[in-house]
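Trainee: Provided herewith is a single structure, encoded as structure tokens, for subsequent inquiry.
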There are 4 protein chains.
Amino acid sequence: MREPALRGAELETYLAEAFPEAFNATSGLAIVDVAHGAARLRLASAAHQLRPGGTVSGPTLMMLADVSFYVALLATIGWEPLAVTTSFNINFFKRPSLGVLLADARLLKLGRRLAVGEISIRSEGDDDLIAHATATYSIPPANRRL
Amino acid sequence: MREPALRGAELETYLAEAFPEAFNATSGLAIVDVAHGAARLRLASAAHQLRPGGTVSGPTLMMLADVSFYVALLATIGWEPLAVTTSFNINFFKRPSLGVLLADARLLKLGRRLAVGEISIRSEGDDDLIAHATATYSIPPANRRL
Amino acid sequence: MREPALRGAELETYLAEAFPEAFNATSGLAIVDVAHGAARLRLASAAHQLRPGGTVSGPTLMMLADVSFYVALLATIGWEPLAVTTSFNINFFKRPSLGVLLADARLLKLGRRLAVGEISIRSEGDDDLIAHATATYSIPPANRRL
Amino acid sequence: MREPALRGAELETYLAEAFPEAFNATSGLAIVDVAHGAARLRLASAAHQLRPGGTVSGPTLMMLADVSFYVALLATIGWEPLAVTTSFNINFFKRPSLGVLLADARLLKLGRRLAVGEISIRSEGDDDLIAHATATYSIPPANRRL
């Protein structure tokens, strides 16, 4: 199995600097594991992410899916923070209650300019899918690397 | 032209109670206008919503699109806070810099159980689209109303 | 209003040669009108496009939406037959019965490499939407033009 | 492993009657295998499904994806021919040349009213994805069964 270009701990260090609002000691978001072409993230959802009905809000799940694919992509191609989402599609199946959410992202296609992947979100300890997303990212040309 | 079921000021009052994290004096999110079948929201984006490259993050735009359609739906059918997104699809065209974003949501189809709509996001004072989304919401049965 | 790069009659001549199965005297598909950034197509649906329940099949509507956006794109950028769909998303609202369908496609964003647009399908003489789609096309580099 | 509600041979017999245009001796479409929650179909693509550039057309791939999920759904819930697509999203990765295409559909979520699944399309003998789709189907109420 091919090694990731960046390991989880390295990515967390970089992300804490580049996205201090998302990756910090109190955000609840953490990288569980990365591999070449894949990443697992966890989100300890917080009261402020709930919506009427007492379930985690849709935009919180979208953020988790999008960030998980970003981490899977960077674990595969290396530190390209300017990679950006060009399209994103999500289906919601269940309303998750407060607790730990796990997101598994994997690349379906890695091209020179575009990467496409899918993300599955579950509650910790429950096999049922909460949401499933597909995302397309644009990879910046090499000379635009930071 | 048909009157909205709820006016913008009423909706903001309800939303500030139901979604205190999204609708509060410092969130930057506000309802500009509502009509039967439509809503315009504005978001004064803040530094914490930026991502590498200095542009507003994708999840922030997804949140704005999703909330705008929710407001358009409630303006049309009345206060149904348990209406939830069942699917959401977005394409990103431009990377918006910090500033005021405007989102225009309108219903394409209002059924008994499902509502589908589209959302266009622009920067204030610029006609170019930043992002375009479509969303499907599930409308709860009447006896599940709060 | 800006002129289209190609008029409907020119496009039909080209398409009849490049896509003889879709554009021919018996396919029921025709260009009603084109403009810079837009196209309207009509499909006289036929019995073989029906599905159980007596309504026009989903794939027939997908084909109509996809081809309509292709025509809108070529009307805008000129004859680039190698432009291809890279992603496509459609929501279905009503089951259309046999008859004439009208598809209105318009460009939302025209970049150098990608074009994104939306397509609305209705039955002739009925304002209700039958389906609404968004499509992304990849525009081939100039040196790949036929 | 749970048995399918209907086997491939039974489904082909039903489908040849319900969709004679798609399932017939010359259409090139066949069921390879079904299981509870999954189906594999093959399409021997034909010259009339090509588009400029000599690759199989997008709408042909959309049809294959949509039909494959329909078969996976019916293999799971039994003969419900009035089940219809309510939304469909597809990403294209490669342009397939003439030959045999394989589509693997699997259910991600089976609810009482809605089923959601994903479909992967490859060329026979090649592991690379050609396209990946997600589809939502509406399941008709029991009293609307044929």
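Scheme for the structure tokens: letters A, B, ... for chains in order shown; per-chain residue numbers from 1; ligand numbers from 1 in order shown.
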What's the 8 Å shell around Ile90 (chain D), counting only C-alpha atoms, without same-chain residues fewer than 4 positions away, as a short mmCIF file (atom, residue, chain, number, x, y, z; two decimals) with N, CA and C atoms, in the first residue's frame?

Mentor:
```cif
data_model
loop_
_atom_site.label_atom_id
_atom_site.label_comp_id
_atom_site.auth_asym_id
_atom_site.auth_seq_id
_atom_site.Cartn_x
_atom_site.Cartn_y
_atom_site.Cartn_z
N SER C 87 -19.82 16.94 -15.37
CA SER C 87 -20.75 16.55 -14.31
C SER C 87 -22.15 17.02 -14.66
N PHE C 88 -23.12 16.36 -14.09
CA PHE C 88 -24.51 16.60 -14.46
C PHE C 88 -25.38 16.24 -13.26
N ASN C 89 -26.30 17.12 -12.93
CA ASN C 89 -27.17 16.90 -11.77
C ASN C 89 -28.59 17.27 -12.17
N MET D 62 -25.44 7.89 -18.63
CA MET D 62 -26.48 8.25 -17.65
C MET D 62 -27.57 7.18 -17.64
N ALA D 131 -17.13 6.67 -14.81
CA ALA D 131 -18.10 7.62 -14.27
C ALA D 131 -18.60 7.09 -12.93
N HIS D 132 -19.05 8.01 -12.10
CA HIS D 132 -19.62 7.66 -10.79
C HIS D 132 -20.87 8.50 -10.60
N ALA D 133 -21.96 7.84 -10.21
CA ALA D 133 -23.23 8.55 -10.07
C ALA D 133 -23.88 8.24 -8.74
N THR D 134 -24.73 9.14 -8.29
CA THR D 134 -25.63 8.85 -7.17
C THR D 134 -27.05 9.13 -7.65
#
```

Trainee: If you run DSSP over the backbone, which residues in region 18-109 of chain A end up strand (DSSP E or B)? Put them as a PyMOL selection string.

Mentor: chain A and resi 29-35+38-44+50-51+55-56+84-92+97+100-109

Trainee: Select from region 29-51 of chain B every residue with an atom at most 8 Å from any atom of region 104-107 of chain B, then for each give the shortest pair of atoms and their distance in Å to one decimal, using only C-alpha atoms, rows by chain and rising number, as JSON lines.

Mentor:
```
{"residue": "B:Gly37", "atom": "CA", "partner": "B:Leu107", "partner_atom": "CA", "distance": 5.2}
{"residue": "B:Ala38", "atom": "CA", "partner": "B:Arg106", "partner_atom": "CA", "distance": 4.2}
{"residue": "B:Ala39", "atom": "CA", "partner": "B:Ala105", "partner_atom": "CA", "distance": 5.3}
{"residue": "B:Arg40", "atom": "CA", "partner": "B:Asp104", "partner_atom": "CA", "distance": 4.6}
{"residue": "B:Leu41", "atom": "CA", "partner": "B:Asp104", "partner_atom": "CA", "distance": 6.7}
```

Trainee: With distances taken over only C-alpha atoms, which of B:Ser123, B:Ser57, B:Thr86, B:Ser97 is nearest to chain D?

Mentor: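 Counting only C-alpha atoms, the residue closest to chain D is B:Thr86.
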
Trainee: To one decimal in Å, tell me the separation between CA of Glu17 (chain B) and CA of His36 (chain B).

Mentor: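 Spanning CA of Glu17 (chain B) to CA of His36 (chain B) is a straight-line distance of 22.6 Å.
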
Trainee: Of the candidates C:Arg113, C:Arg122, C:His48, C:Lys94, which shows the shortest atom-to-atom distance to chain A, using only C-alpha atoms?

Mentor: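 So, comparing all the options, the nearest one is C:Arg113.
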
Trainee: Starting from chain B, keep only residues with some atom at most 8 Å from an atom of chain A, counting only C-alpha atoms, and report them as a list in words.

Mentor: Ala18, Phe19, Glu21, His48, Gln49, Arg51, Pro52, Gly53, Gly58, Pro59, Met62, Met63, Asp66, Pro81, Leu82, Val84, Thr85, Thr86, Ser87, Phe88, Asn89, Ile90, Asn91, Phe92 and Phe93 of chain B

Trainee: Please report the interatomic distance between CA of Asp127 (chain A) and CA of Tyr70 (chain D) in Å with one decimal.

Mentor: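 If I compute the distance from CA of Asp127 (chain A) to CA of Tyr70 (chain D), I get 23.9 Å.
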
Trainee: By how many Å are CA of Asp128 (chain B) and CA of Gly111 (chain A) apart?

Mentor: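 So the two atoms, CA of Asp128 (chain B) and CA of Gly111 (chain A), lie 28.0 Å apart.
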
Trainee: May I have the residues within 8 Å of Gly78 (chain B) as JSON, numbers by chain, using only C-alpha atoms and disregarding those fewer than 5 positions away in the same chain?

Mentor: {"B": [5, 6, 73]}

Trainee: Using DSSP assignments from the backbone, pull out every residue in chain C that falls under helix (DSSP H, G or I) and give it to me as a PyMOL selection string.

Mentor: chain C and resi 8-18+47-49+58-77+142-144
